[in-house]
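A.B. asks: So here's target_7.cif, just mmCIF, C-alpha atoms and all ligand atoms:
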data_data
#
loop_
_atom_site.label_atom_id
_atom_site.label_comp_id
_atom_site.auth_asym_id
_atom_site.auth_seq_id
_atom_site.Cartn_x
_atom_site.Cartn_y
_atom_site.Cartn_z
CA MET A 117 -24.17 -7.22 10.15
CA PRO A 118 -20.59 -8.49 10.62
CA GLN A 119 -19.05 -10.28 7.64
CA THR A 120 -17.69 -13.71 8.32
CA SER A 121 -16.36 -14.76 4.90
CA ARG A 122 -12.59 -15.11 5.01
CA ILE A 123 -10.68 -12.37 3.21
CA THR A 124 -8.27 -13.75 0.62
CA LYS A 125 -7.96 -11.05 -2.03
CA ALA A 126 -5.54 -8.13 -2.11
CA VAL A 127 -5.67 -5.34 -4.68
CA ILE A 128 -2.45 -3.42 -5.27
CA PRO A 129 -2.86 -0.25 -7.34
CA ALA A 130 0.36 0.49 -9.21
CA ALA A 131 -0.84 2.46 -12.20
CA GLY A 132 -0.15 6.01 -11.02
CA LEU A 133 2.10 8.25 -13.08
CA GLY A 134 4.68 8.67 -10.32
CA THR A 135 5.32 12.28 -11.33
CA ARG A 136 7.11 13.09 -8.06
CA PHE A 137 9.82 10.65 -9.05
CA LEU A 138 10.46 11.70 -12.63
CA PRO A 139 12.56 11.04 -14.63
CA ALA A 140 13.16 7.64 -12.92
CA THR A 141 9.51 6.75 -13.45
CA LYS A 142 9.38 7.67 -17.13
CA ALA A 143 9.62 4.06 -18.28
CA MET A 144 9.32 2.18 -14.98
CA PRO A 145 6.61 2.20 -12.32
CA LYS A 146 7.75 3.78 -9.05
CA GLU A 147 6.72 0.56 -7.29
CA MET A 148 9.72 -1.11 -8.98
CA LEU A 149 12.25 1.26 -7.38
CA PRO A 150 14.60 -0.82 -5.22
CA VAL A 151 14.40 -0.46 -1.47
CA VAL A 152 17.89 -1.78 -0.68
CA ASP A 153 17.72 -4.81 -3.00
CA GLU A 154 14.02 -5.59 -3.44
CA PRO A 155 11.55 -3.52 -5.41
CA ALA A 156 9.11 -1.70 -3.11
CA ILE A 157 6.22 -3.74 -4.46
CA GLN A 158 7.76 -7.01 -3.29
CA TYR A 159 7.62 -5.85 0.34
CA VAL A 160 3.93 -5.09 -0.21
CA VAL A 161 3.09 -8.44 -1.83
CA ALA A 162 4.98 -10.21 0.98
CA GLU A 163 2.93 -8.27 3.56
CA ALA A 164 -0.30 -9.37 1.87
CA ALA A 165 0.87 -13.00 1.79
CA LYS A 166 1.78 -12.84 5.50
CA ALA A 167 -1.77 -11.69 6.27
CA GLY A 168 -3.14 -14.72 4.36
CA LEU A 169 -4.00 -12.81 1.17
CA ASP A 170 -2.52 -14.98 -1.54
CA ASN A 171 -4.85 -13.87 -4.34
CA VAL A 172 -3.33 -10.61 -5.54
CA LEU A 173 -4.65 -8.32 -8.25
CA MET A 174 -2.23 -5.67 -9.40
CA ILE A 175 -3.66 -2.64 -11.14
CA THR A 176 -1.04 -1.64 -13.66
CA GLY A 177 -0.74 0.86 -16.44
CA ARG A 178 2.05 1.72 -18.77
CA SER A 179 5.24 -0.24 -18.23
CA LYS A 180 3.39 -3.16 -16.69
CA ARG A 181 6.05 -5.45 -18.04
CA ALA A 182 8.61 -4.85 -15.31
CA LEU A 183 6.04 -5.72 -12.63
CA GLU A 184 4.88 -8.89 -14.37
CA ASP A 185 8.43 -9.98 -15.08
CA HIS A 186 9.47 -9.49 -11.48
CA PHE A 187 6.81 -11.87 -10.18
CA ASP A 188 7.47 -14.43 -12.90
CA ARG A 189 10.11 -17.15 -13.05
CA VAL A 190 13.37 -16.66 -14.98
CA PRO A 191 14.52 -20.20 -15.82
CA THR A 192 17.76 -19.09 -17.52
CA LEU A 193 18.87 -17.02 -14.53
CA GLU A 194 17.87 -19.79 -12.11
CA ALA A 195 19.87 -22.32 -14.14
CA VAL A 196 22.99 -20.14 -14.04
CA LEU A 197 22.76 -19.68 -10.25
CA GLU A 198 22.04 -23.35 -9.74
CA ALA A 199 25.08 -24.35 -11.84
CA LYS A 200 27.22 -22.04 -9.72
CA GLY A 201 25.79 -23.51 -6.53
CA ASP A 202 24.73 -19.99 -5.48
CA THR A 203 21.77 -21.12 -3.39
CA ARG A 204 21.43 -17.81 -1.54
CA ARG A 205 20.90 -15.76 -4.70
CA LEU A 206 18.77 -18.52 -6.22
CA ALA A 207 16.40 -18.34 -3.24
CA ALA A 208 16.31 -14.54 -3.53
CA VAL A 209 15.40 -14.76 -7.22
CA GLN A 210 12.69 -17.36 -6.60
CA GLU A 211 11.12 -15.68 -3.60
CA SER A 212 8.98 -13.22 -5.56
CA ASN A 213 7.27 -15.97 -7.53
CA THR A 214 6.22 -17.94 -4.49
CA LEU A 215 4.30 -15.15 -2.75
CA GLY A 216 0.89 -15.89 -4.17
CA ASP A 217 -1.33 -16.09 -7.18
CA ILE A 218 -0.82 -12.75 -8.93
CA HIS A 219 -3.22 -11.34 -11.52
CA TYR A 220 -3.00 -8.12 -13.50
CA VAL A 221 -5.50 -5.68 -14.90
CA ARG A 222 -4.69 -2.42 -16.68
CA GLN A 223 -6.21 0.84 -15.64
CA GLY A 224 -5.66 2.42 -19.05
CA ASP A 225 -6.17 6.02 -18.09
CA PRO A 226 -4.94 6.71 -14.53
CA LYS A 227 -7.97 8.66 -13.33
CA GLY A 228 -7.15 8.34 -9.64
CA LEU A 229 -6.87 5.81 -6.84
CA GLY A 230 -10.65 5.37 -6.62
CA HIS A 231 -10.79 4.58 -10.33
CA ALA A 232 -7.89 2.10 -9.93
CA VAL A 233 -9.80 0.27 -7.18
CA LEU A 234 -12.92 0.21 -9.35
CA CYS A 235 -10.89 -1.69 -11.99
CA ALA A 236 -10.80 -4.59 -9.47
CA LYS A 237 -14.60 -4.96 -9.33
CA ARG A 238 -14.96 -8.06 -11.50
CA HIS A 239 -12.00 -9.83 -9.96
CA VAL A 240 -13.08 -9.16 -6.39
CA GLY A 241 -16.80 -9.89 -6.76
CA ASP A 242 -19.01 -9.67 -3.70
CA GLU A 243 -16.57 -10.17 -0.86
CA PRO A 244 -14.50 -7.91 1.37
CA PHE A 245 -10.95 -7.34 0.14
CA ALA A 246 -7.76 -5.51 1.04
CA VAL A 247 -6.10 -2.65 -0.84
CA LEU A 248 -2.38 -2.07 -0.35
CA LEU A 249 -0.64 0.88 -1.97
CA GLY A 250 2.55 -0.17 -3.64
CA ASP A 251 4.58 2.81 -2.50
CA ASP A 252 3.69 2.59 1.18
CA LEU A 253 5.75 0.07 3.19
CA ILE A 254 4.82 -1.24 6.62
CA ASP A 255 7.68 -2.78 8.59
CA SER A 256 7.23 -6.56 8.62
CA ARG A 257 7.94 -6.57 12.37
CA ASP A 258 4.82 -4.47 13.02
CA GLU A 259 1.26 -5.72 12.73
CA LEU A 260 -1.35 -3.75 10.76
CA LEU A 261 -3.16 -5.64 8.01
CA GLY A 262 -4.05 -8.64 10.19
CA GLU A 263 -5.54 -6.27 12.76
CA MET A 264 -7.53 -4.42 10.05
CA ILE A 265 -8.92 -7.74 8.79
CA ARG A 266 -10.04 -8.62 12.33
CA VAL A 267 -11.78 -5.24 12.67
CA GLN A 268 -13.51 -5.69 9.30
CA GLN A 269 -14.77 -9.10 10.37
CA ALA A 270 -16.04 -7.63 13.64
CA THR A 271 -17.72 -4.53 12.21
CA GLY A 272 -18.77 -5.70 8.75
CA GLY A 273 -18.10 -2.40 6.98
CA SER A 274 -14.84 -0.96 5.67
CA VAL A 275 -11.63 -0.33 7.58
CA ILE A 276 -8.88 2.20 6.95
CA ALA A 277 -5.47 2.75 8.56
CA LEU A 278 -4.55 6.05 10.18
CA MET A 279 -1.31 7.42 11.51
CA GLU A 280 -0.62 10.54 13.54
CA VAL A 281 1.46 13.08 11.61
CA ASP A 282 2.79 16.55 12.43
CA PRO A 283 -0.22 18.87 11.97
CA GLU A 284 1.55 20.85 9.25
CA GLN A 285 2.02 17.69 7.17
CA ILE A 286 -1.64 16.75 7.09
CA SER A 287 -2.26 18.58 3.80
CA SER A 288 -0.27 15.84 2.03
CA TYR A 289 -2.72 13.13 3.16
CA GLY A 290 -6.35 12.19 3.47
CA CYS A 291 -7.45 13.24 6.95
CA ALA A 292 -10.02 11.61 9.27
CA ASP A 293 -12.40 12.91 11.90
CA VAL A 294 -12.91 9.98 14.31
CA GLU A 295 -14.61 9.01 17.56
CA SER A 296 -13.73 6.21 19.95
CA VAL A 297 -15.72 2.96 20.14
CA ASP A 298 -16.54 1.74 23.66
CA GLY A 299 -14.21 -1.01 24.82
CA GLU A 300 -12.38 -1.28 21.48
CA ASP A 301 -8.98 -0.12 20.34
CA TYR A 302 -10.24 0.83 16.88
CA VAL A 303 -12.16 4.04 16.14
CA ARG A 304 -15.22 5.02 14.10
CA VAL A 305 -14.66 7.36 11.16
CA ASN A 306 -17.18 10.20 10.92
CA ARG A 307 -15.68 12.20 8.11
CA LEU A 308 -12.79 12.13 5.67
CA VAL A 309 -11.18 15.01 3.79
CA GLU A 310 -8.61 14.53 1.02
CA LYS A 311 -5.50 16.71 1.49
CA PRO A 312 -7.11 19.47 3.59
CA ALA A 313 -5.50 22.85 4.20
CA VAL A 314 -3.77 22.74 7.61
CA GLU A 315 -6.30 25.14 9.17
CA GLU A 316 -9.25 23.11 7.88
CA ALA A 317 -8.01 19.65 8.91
CA PRO A 318 -10.32 17.97 11.46
CA SER A 319 -7.36 16.11 13.07
CA ASN A 320 -3.74 15.13 12.57
CA LEU A 321 -4.77 11.55 11.71
CA ALA A 322 -3.55 10.77 8.19
CA VAL A 323 -4.93 8.02 5.98
CA ILE A 324 -2.11 5.63 5.04
CA GLY A 325 -2.01 3.08 2.25
CA ARG A 326 -3.86 0.09 3.68
CA TYR A 327 -7.60 -0.54 3.39
CA VAL A 328 -9.92 -3.48 4.01
CA LEU A 329 -13.05 -2.67 2.07
CA HIS A 330 -16.59 -3.92 1.85
CA PRO A 331 -17.56 -4.59 -1.79
CA ALA A 332 -20.26 -1.91 -1.42
CA VAL A 333 -17.42 0.50 -2.22
CA PHE A 334 -17.68 -0.42 -5.91
CA ASP A 335 -21.23 0.91 -6.29
CA VAL A 336 -20.20 4.10 -4.56
CA LEU A 337 -17.09 4.49 -6.74
CA GLU A 338 -19.21 4.12 -9.86
CA GLN A 339 -21.11 7.22 -8.74
CA THR A 340 -18.08 9.16 -7.49
CA GLN A 341 -17.25 12.23 -9.54
CA PRO A 342 -13.67 13.45 -9.98
CA GLY A 343 -12.65 15.34 -6.85
CA ARG A 344 -9.41 16.92 -5.72
CA GLY A 345 -6.86 17.14 -8.54
CA GLY A 346 -9.52 16.05 -11.05
CA GLU A 347 -9.06 12.44 -9.88
CA ILE A 348 -11.65 9.90 -8.70
CA GLN A 349 -10.67 9.73 -5.06
CA LEU A 350 -11.04 6.61 -2.91
CA THR A 351 -11.33 8.96 0.08
CA ASP A 352 -14.49 10.52 -1.40
CA ALA A 353 -16.13 7.08 -1.76
CA LEU A 354 -15.14 6.17 1.81
CA GLU A 355 -16.64 9.43 3.03
CA VAL A 356 -19.98 8.31 1.53
CA LEU A 357 -19.66 4.86 3.13
CA ALA A 358 -18.79 6.41 6.50
CA ALA A 359 -22.17 8.16 6.53
CA ASP A 360 -24.07 5.06 5.35
CA GLU A 361 -25.71 3.07 8.13
CA GLY A 362 -27.08 0.37 5.82
CA GLU A 363 -25.62 -2.96 4.68
CA GLY A 364 -21.95 -2.54 3.76
CA GLY A 365 -21.81 0.96 5.23
CA GLY A 366 -19.73 2.27 8.10
CA VAL A 367 -15.99 2.94 8.17
CA HIS A 368 -13.74 2.15 11.12
CA ALA A 369 -10.02 2.75 11.49
CA VAL A 370 -7.01 1.18 13.09
CA VAL A 371 -4.52 3.79 14.32
CA PHE A 372 -1.10 2.43 13.39
CA ARG A 373 1.80 3.28 15.70
CA GLY A 374 4.49 1.14 14.07
CA ARG A 375 7.10 1.79 11.42
CA ARG A 376 5.99 2.95 7.97
CA TYR A 377 8.15 3.95 5.04
CA ASP A 378 6.88 6.09 2.19
CA THR A 379 8.65 5.46 -1.09
CA GLY A 380 6.49 7.75 -3.22
CA ASP A 381 8.67 10.85 -3.15
CA LYS A 382 12.40 11.33 -3.33
CA LEU A 383 13.19 12.45 0.21
CA SER A 384 11.06 9.87 2.01
CA TYR A 385 12.32 7.18 -0.38
CA LEU A 386 15.94 7.98 0.49
CA LYS A 387 15.10 7.90 4.20
CA ALA A 388 13.36 4.51 3.78
CA VAL A 389 16.34 2.99 1.97
CA VAL A 390 18.85 4.22 4.57
CA THR A 391 16.65 3.19 7.52
CA LEU A 392 16.24 -0.35 6.22
CA ALA A 393 19.80 -0.68 4.96
CA VAL A 394 21.52 0.19 8.28
CA GLU A 395 19.74 -2.74 9.90
CA ARG A 396 21.08 -5.25 7.40
CA GLU A 397 23.94 -7.48 8.52
CA ASP A 398 25.24 -7.84 4.97
CA LEU A 399 25.57 -4.05 4.78
CA ALA A 400 27.30 -3.63 8.14
CA GLY A 401 29.77 -1.20 6.57
CA LEU A 402 27.04 1.37 5.98
CA ARG A 403 26.56 2.51 9.58
CA PRO A 404 30.20 3.57 10.29
CA TRP A 405 30.40 5.19 6.87
CA LEU A 406 27.18 7.12 7.51
CA LYS A 407 28.51 8.38 10.84
CA ASP A 408 31.69 9.69 9.20
CA PHE A 409 29.71 11.12 6.34
CA ALA A 410 27.28 12.91 8.68
CA ALA A 411 30.12 14.20 10.86
CA ALA A 412 31.75 15.76 7.79
CA LEU A 413 28.55 17.50 6.61
P1 LIG B 1 -0.19 8.50 -5.72
O1 LIG B 1 -0.95 9.74 -5.89
O2 LIG B 1 0.81 8.41 -4.63
O3 LIG B 1 0.55 8.03 -7.03
O4 LIG B 1 -1.22 7.30 -5.65
P2 LIG B 1 1.00 8.76 -8.33
O5 LIG B 1 -0.12 9.51 -8.94
O6 LIG B 1 1.65 7.69 -9.14
O7 LIG B 1 2.15 9.69 -7.76
P3 LIG B 1 2.60 11.17 -8.14
O8 LIG B 1 1.82 12.03 -7.18
O9 LIG B 1 2.29 11.42 -9.59
O10 LIG B 1 4.06 11.17 -7.85
C1 LIG B 1 -1.20 6.30 -4.66
C2 LIG B 1 -1.20 4.90 -5.27
O11 LIG B 1 -2.28 4.74 -6.16
C3 LIG B 1 -1.84 4.31 -7.42
C4 LIG B 1 -0.37 4.69 -7.50
O12 LIG B 1 0.31 3.80 -8.35
C5 LIG B 1 0.06 4.58 -6.05
O13 LIG B 1 0.43 3.24 -5.71
N1 LIG B 1 -2.66 4.96 -8.46
C6 LIG B 1 -2.86 6.30 -8.43
C7 LIG B 1 -3.20 4.20 -9.46
O14 LIG B 1 -3.02 2.95 -9.52
N2 LIG B 1 -3.95 4.80 -10.42
C8 LIG B 1 -4.18 6.14 -10.41
O15 LIG B 1 -4.91 6.63 -11.31
C9 LIG B 1 -3.62 6.90 -9.39
#
What is this file in structure tokens?

C.D. replies:
Amino acid sequence: MPQTSRITKAVIPAAGLGTRFLPATKAMPKEMLPVVDEPAIQYVVAEAAKAGLDNVLMITGRSKRALEDHFDRVPTLEAVLEAKGDTRRLAAVQESNTLGDIHYVRQGDPKGLGHAVLCAKRHVGDEPFAVLLGDDLIDSRDELLGEMIRVQQATGGSVIALMEVDPEQISSYGCADVESVDGEDYVRVNRLVEKPAVEEAPSNLAVIGRYVLHPAVFDVLEQTQPGRGGEIQLTDALEVLAADEGEGGGVHAVVFRGRRYDTGDKLSYLKAVVTLAVEREDLAGLRPWLKDFAAAL
């Protein structure tokens, strides 16, 4: 039965250990790493706000302070900028605290993405909600979340986002086996496998960090045992929902063909920063420098 209640809540898990980015992430969550001049998480909160999700729950762990501080006001800093008449920087400082109503809950022990989502159960209640991973950036010029919300409202179950990757990269992602849906541009998910070996992957469709979930996922997560890597995997719970034809069951997917930037590991983070920085007018000097730099390599 399609759900018609409007989706307003976004859950942003940011409690992972960020081991791929050590030592930078020893005392700071990787979601606070700057992508040009904004922390990665601010792009994600802005994306949620743009899709109409202004009730945000961040799942944090150690070093939650930096995240909370970033989305809070800093009256002393604002006063200094105001006194200087620096309206441009003042607006930049204030932007992060106007993006929505942000709540925090601590995961305590980071037992996996599925466990992080389960920490949102009380806050979310009995309504569909979005999950946005704080280290996965979707270009603001490309539409994804709004489309996923529309598909959730049409199908009533849960919706994931997929992206085609080179077949040999699939073992870094969750992977989906899908079938087309007559007359629709979204697909039905039959099966999901977390980080499969290349030869066992059912497709080259990788799960990326956006979900619009039916609250039935919470009951499934409560029963989900630790899976790959000893972690409670969201993919495993979605696999159960994909096979469930009852109320709240069924998983569909939007195949995203736009621009996505992964900031979770060093190489893709560096690529994301350079890609976004060369487009910035205030950093116009970067492009010619990069060309010279590359020519001299
Ligand atoms: P990742 O697996 O990319 O994050 O989880 P990680 O564990 O921090 O990274 P590495 O592999 O050690 O470098 C995807 C998202 O889920 C969150 C992370 O913060 C990230 O945004 N997460 C993961 C949690 O909130 N809690 C967890 O227990 C695990």

A.B. asks: Could you check how far CA of Lys125 (chain A) sits from atom P1 of ligand LIG 1 (chain B), in Å to one decimal?

C.D. replies: 21.4 Å

A.B. asks: Just give me the gap between CA of Ala246 (chain A) and CA of Ala156 (chain A) in Å, one decimal is fine.

C.D. replies: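 Atom-to-atom, CA of Ala246 (chain A) and CA of Ala156 (chain A) are spaced 17.8 Å apart.
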
A.B. asks: If you count only C-alpha atoms and all ligand atoms, which residues end up within 6 Å of ligand LIG 1 (chain B), as a list in words?

C.D. replies: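 Those residues are Pro129, Ala130, Ala131, Gly132, Leu133, Gly134, Thr135, Arg136, Phe137, Ile175, Pro226, Lys227, Gly228, Leu229, Ala232, Leu249, Gly250, Asp251 and Gly380 of chain A.
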
A.B. asks: What's the separation between CA of Leu406 (chain A) and CA of Pro155 (chain A), in Å to one decimal place?

C.D. replies: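 Computing it gives 22.9 Å between the two atoms.
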
A.B. asks: Would you list the residues near (-3.8, -1.5, 11.6), meaning any protein, DNA or RNA residue with an atom at most 12 Å from that point in file coordinates, counting only C-alpha atoms, as a PyMOL selection string?

C.D. replies: chain A and resi 167+246+254-255+258-268+275-279+301-303+323-328+368-376

A.B. asks: Using only C-alpha atoms, which of A:Val172, A:Gln158, A:His231, A:Lys166 sits nearest Glu211 (chain A)?

C.D. replies: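 When distances to Glu211 (chain A) are compared using only C-alpha atoms, the smallest one comes from A:Gln158.
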
A.B. asks: With a distance cut-off of 10 Å and all atoms listed in the file, select the neighbouring residues of Lys387 (chain A), excluding the residue or stretch itself and same-chain residues fewer than 6 positions from it, and output the selection as a PyMOL selection string.

C.D. replies: chain A and resi 377-379+393

A.B. asks: Check the smallest atom-to-atom distance from each of A:Leu354, A:Leu329, A:Val209, A:Ile348 to Ala292 (chain A) using all atoms listed in the file, then report the winner.

C.D. replies: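 The shortest atom-to-atom distance to Ala292 (chain A) comes from A:Leu354.
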
A.B. asks: Neighbouring residues of Thr351 (chain A) were defined as those with any atom within 7 Å, considering all atoms listed in the file; residues of the same chain fewer than 3 positions away were excluded. Please report them as a list in words.

C.D. replies: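 Those residues are Gly290, Leu308, Glu310, Leu354 and Glu355 of chain A.
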
A.B. asks: Give me the residues of region 127-153 of chain A that have any atom at most 9 Å from an atom of region 181-187 of chain A; for each, the nearest atom pair and the distance in Å, rounded to one decimal. Use all atoms listed in the file, sort by chain and number, and format it as a Markdown table.

C.D. replies:
| residue | atom | partner | partner_atom | distance |
| --- | --- | --- | --- | --- |
| A:Met144 | CA | A:Ala182 | CA | 7.1 |
| A:Pro145 | CA | A:Ala182 | CA | 7.9 |
| A:Glu147 | CA | A:Leu183 | CA | 8.3 |
| A:Met148 | CA | A:Leu183 | CA | 6.9 |

A.B. asks: Quick one: what's the axis-aligned box for region 154-164 of chain A, all listed atoms, 5 Å on every side, centre and edges in Å to one decimal, as lines of an AutoDock Vina configuration file?

C.D. replies:
center_x = 6.9
center_y = -6.0
center_z = -0.9
size_x = 24.3
size_y = 18.5
size_z = 19.0

A.B. asks: Select, from A:Pro139, A:Gly216, A:Pro283, A:Pro244, the residue with the minimum atom-to-atom distance to Pro318 (chain A), counting all atoms listed in the file.

C.D. replies: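 So, comparing all the options, the nearest one is A:Pro283.
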
A.B. asks: What's around Ser319 (chain A) at 9 Å? Count all atoms listed in the file, leave out sequence neighbours fewer than 5 positions away in its own chain, and write the answer as a list in words.

C.D. replies: Glu280, Pro283, Ile286, Cys291, Ala292, Asp293 and Val294 of chain A

A.B. asks: Mind writing the picked residues with C-alpha atoms as a compact mmCIF listing (two decimals), keeping the file's coordinate frame?

C.D. replies:
# COMPACT_ATOMS: atom_id res chain seq x y z
CA GLU A 280 -0.62 10.54 13.54
CA PRO A 283 -0.22 18.87 11.97
CA ILE A 286 -1.64 16.75 7.09
CA CYS A 291 -7.45 13.24 6.95
CA ALA A 292 -10.02 11.61 9.27
CA ASP A 293 -12.40 12.91 11.90
CA VAL A 294 -12.91 9.98 14.31

A.B. asks: Between A:Asp282, A:Glu243, A:Asp335, A:Glu361, which residue has the minimum interatomic distance to Asn306 (chain A), considering all atoms listed in the file?

C.D. replies: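 Checking each candidate against Asn306 (chain A), we get A:Glu361 as the closest.
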
A.B. asks: Extract, using only C-alpha atoms, all DNA, RNA and protein residues at most 10 Å from Asp352 (chain A), discarding same-chain residues fewer than 3 positions from it, and format them as number ranges by chain.

C.D. replies: A: 230, 290, 307-310, 336-337, 340-344, 348-349, 355-358

A.B. asks: For a quick check of your reading of the model, name the residues lying within 12 Å of the coordinate (-14.1, -9.9, -10.4), counting all atoms listed in the file, and write them as a PyMOL selection string.

C.D. replies: chain A and resi 125+127+171-173+219-221+233-245+331+334

A.B. asks: Could you complete region 192-200 of chain A so that it carries all heavy atoms, and give it back as a PDB file, in the coordinates of the input?

C.D. replies:
ATOM      1  N   THR A 192      16.350 -19.183 -17.129  1.00  0.00           N
ATOM      2  CA  THR A 192      17.760 -19.090 -17.520  1.00  0.00           C
ATOM      3  C   THR A 192      18.628 -18.586 -16.366  1.00  0.00           C
ATOM      4  O   THR A 192      19.706 -19.118 -16.099  1.00  0.00           O
ATOM      5  CB  THR A 192      17.942 -18.138 -18.726  1.00  0.00           C
ATOM      6  OG1 THR A 192      17.118 -16.987 -18.497  1.00  0.00           O
ATOM      7  CG2 THR A 192      17.544 -18.792 -20.037  1.00  0.00           C
ATOM      8  N   LEU A 193      18.123 -17.567 -15.667  1.00  0.00           N
ATOM      9  CA  LEU A 193      18.870 -17.020 -14.530  1.00  0.00           C
ATOM     10  C   LEU A 193      18.966 -18.065 -13.404  1.00  0.00           C
ATOM     11  O   LEU A 193      20.026 -18.264 -12.801  1.00  0.00           O
ATOM     12  CB  LEU A 193      18.146 -15.759 -14.033  1.00  0.00           C
ATOM     13  CG  LEU A 193      18.726 -15.014 -12.846  1.00  0.00           C
ATOM     14  CD1 LEU A 193      20.166 -14.579 -13.125  1.00  0.00           C
ATOM     15  CD2 LEU A 193      17.872 -13.782 -12.534  1.00  0.00           C
ATOM     16  N   GLU A 194      17.868 -18.754 -13.163  1.00  0.00           N
ATOM     17  CA  GLU A 194      17.870 -19.790 -12.110  1.00  0.00           C
ATOM     18  C   GLU A 194      18.880 -20.878 -12.447  1.00  0.00           C
ATOM     19  O   GLU A 194      19.606 -21.353 -11.563  1.00  0.00           O
ATOM     20  CB  GLU A 194      16.466 -20.390 -11.963  1.00  0.00           C
ATOM     21  CG  GLU A 194      15.480 -19.410 -11.334  1.00  0.00           C
ATOM     22  CD  GLU A 194      14.060 -19.963 -11.255  1.00  0.00           C
ATOM     23  OE1 GLU A 194      13.899 -21.180 -11.118  1.00  0.00           O
ATOM     24  OE2 GLU A 194      13.120 -19.152 -11.341  1.00  0.00           O
ATOM     25  N   ALA A 195      18.943 -21.255 -13.729  1.00  0.00           N
ATOM     26  CA  ALA A 195      19.870 -22.320 -14.140  1.00  0.00           C
ATOM     27  C   ALA A 195      21.317 -21.893 -13.908  1.00  0.00           C
ATOM     28  O   ALA A 195      22.152 -22.679 -13.435  1.00  0.00           O
ATOM     29  CB  ALA A 195      19.641 -22.673 -15.613  1.00  0.00           C
ATOM     30  N   VAL A 196      21.628 -20.631 -14.225  1.00  0.00           N
ATOM     31  CA  VAL A 196      22.990 -20.140 -14.040  1.00  0.00           C
ATOM     32  C   VAL A 196      23.369 -20.179 -12.547  1.00  0.00           C
ATOM     33  O   VAL A 196      24.450 -20.647 -12.161  1.00  0.00           O
ATOM     34  CB  VAL A 196      23.126 -18.685 -14.587  1.00  0.00           C
ATOM     35  CG1 VAL A 196      24.442 -18.057 -14.161  1.00  0.00           C
ATOM     36  CG2 VAL A 196      22.998 -18.682 -16.107  1.00  0.00           C
ATOM     37  N   LEU A 197      22.465 -19.708 -11.697  1.00  0.00           N
ATOM     38  CA  LEU A 197      22.760 -19.680 -10.250  1.00  0.00           C
ATOM     39  C   LEU A 197      22.869 -21.095  -9.683  1.00  0.00           C
ATOM     40  O   LEU A 197      23.709 -21.377  -8.825  1.00  0.00           O
ATOM     41  CB  LEU A 197      21.678 -18.874  -9.517  1.00  0.00           C
ATOM     42  CG  LEU A 197      21.643 -17.375  -9.864  1.00  0.00           C
ATOM     43  CD1 LEU A 197      20.391 -16.708  -9.306  1.00  0.00           C
ATOM     44  CD2 LEU A 197      22.887 -16.658  -9.352  1.00  0.00           C
ATOM     45  N   GLU A 198      22.012 -21.967 -10.197  1.00  0.00           N
ATOM     46  CA  GLU A 198      22.040 -23.350  -9.740  1.00  0.00           C
ATOM     47  C   GLU A 198      23.372 -24.007 -10.124  1.00  0.00           C
ATOM     48  O   GLU A 198      23.999 -24.689  -9.301  1.00  0.00           O
ATOM     49  CB  GLU A 198      20.878 -24.115 -10.398  1.00  0.00           C
ATOM     50  CG  GLU A 198      20.277 -25.135  -9.471  1.00  0.00           C
ATOM     51  CD  GLU A 198      18.893 -25.559  -9.931  1.00  0.00           C
ATOM     52  OE1 GLU A 198      18.212 -24.781 -10.630  1.00  0.00           O
ATOM     53  OE2 GLU A 198      18.523 -26.690  -9.602  1.00  0.00           O
ATOM     54  N   ALA A 199      23.814 -23.764 -11.370  1.00  0.00           N
ATOM     55  CA  ALA A 199      25.080 -24.350 -11.840  1.00  0.00           C
ATOM     56  C   ALA A 199      26.247 -23.859 -10.999  1.00  0.00           C
ATOM     57  O   ALA A 199      27.214 -24.577 -10.743  1.00  0.00           O
ATOM     58  CB  ALA A 199      25.285 -23.998 -13.318  1.00  0.00           C
ATOM     59  N   LYS A 200      26.152 -22.608 -10.545  1.00  0.00           N
ATOM     60  CA  LYS A 200      27.220 -22.040  -9.720  1.00  0.00           C
ATOM     61  C   LYS A 200      27.121 -22.483  -8.263  1.00  0.00           C
ATOM     62  O   LYS A 200      27.973 -22.161  -7.452  1.00  0.00           O
ATOM     63  CB  LYS A 200      27.108 -20.510  -9.705  1.00  0.00           C
ATOM     64  CG  LYS A 200      27.642 -19.824 -10.919  1.00  0.00           C
ATOM     65  CD  LYS A 200      27.646 -18.324 -10.593  1.00  0.00           C
ATOM     66  CE  LYS A 200      27.993 -17.478 -11.784  1.00  0.00           C
ATOM     67  NZ  LYS A 200      27.671 -16.079 -11.546  1.00  0.00           N
TER      68      LYS A 200
END
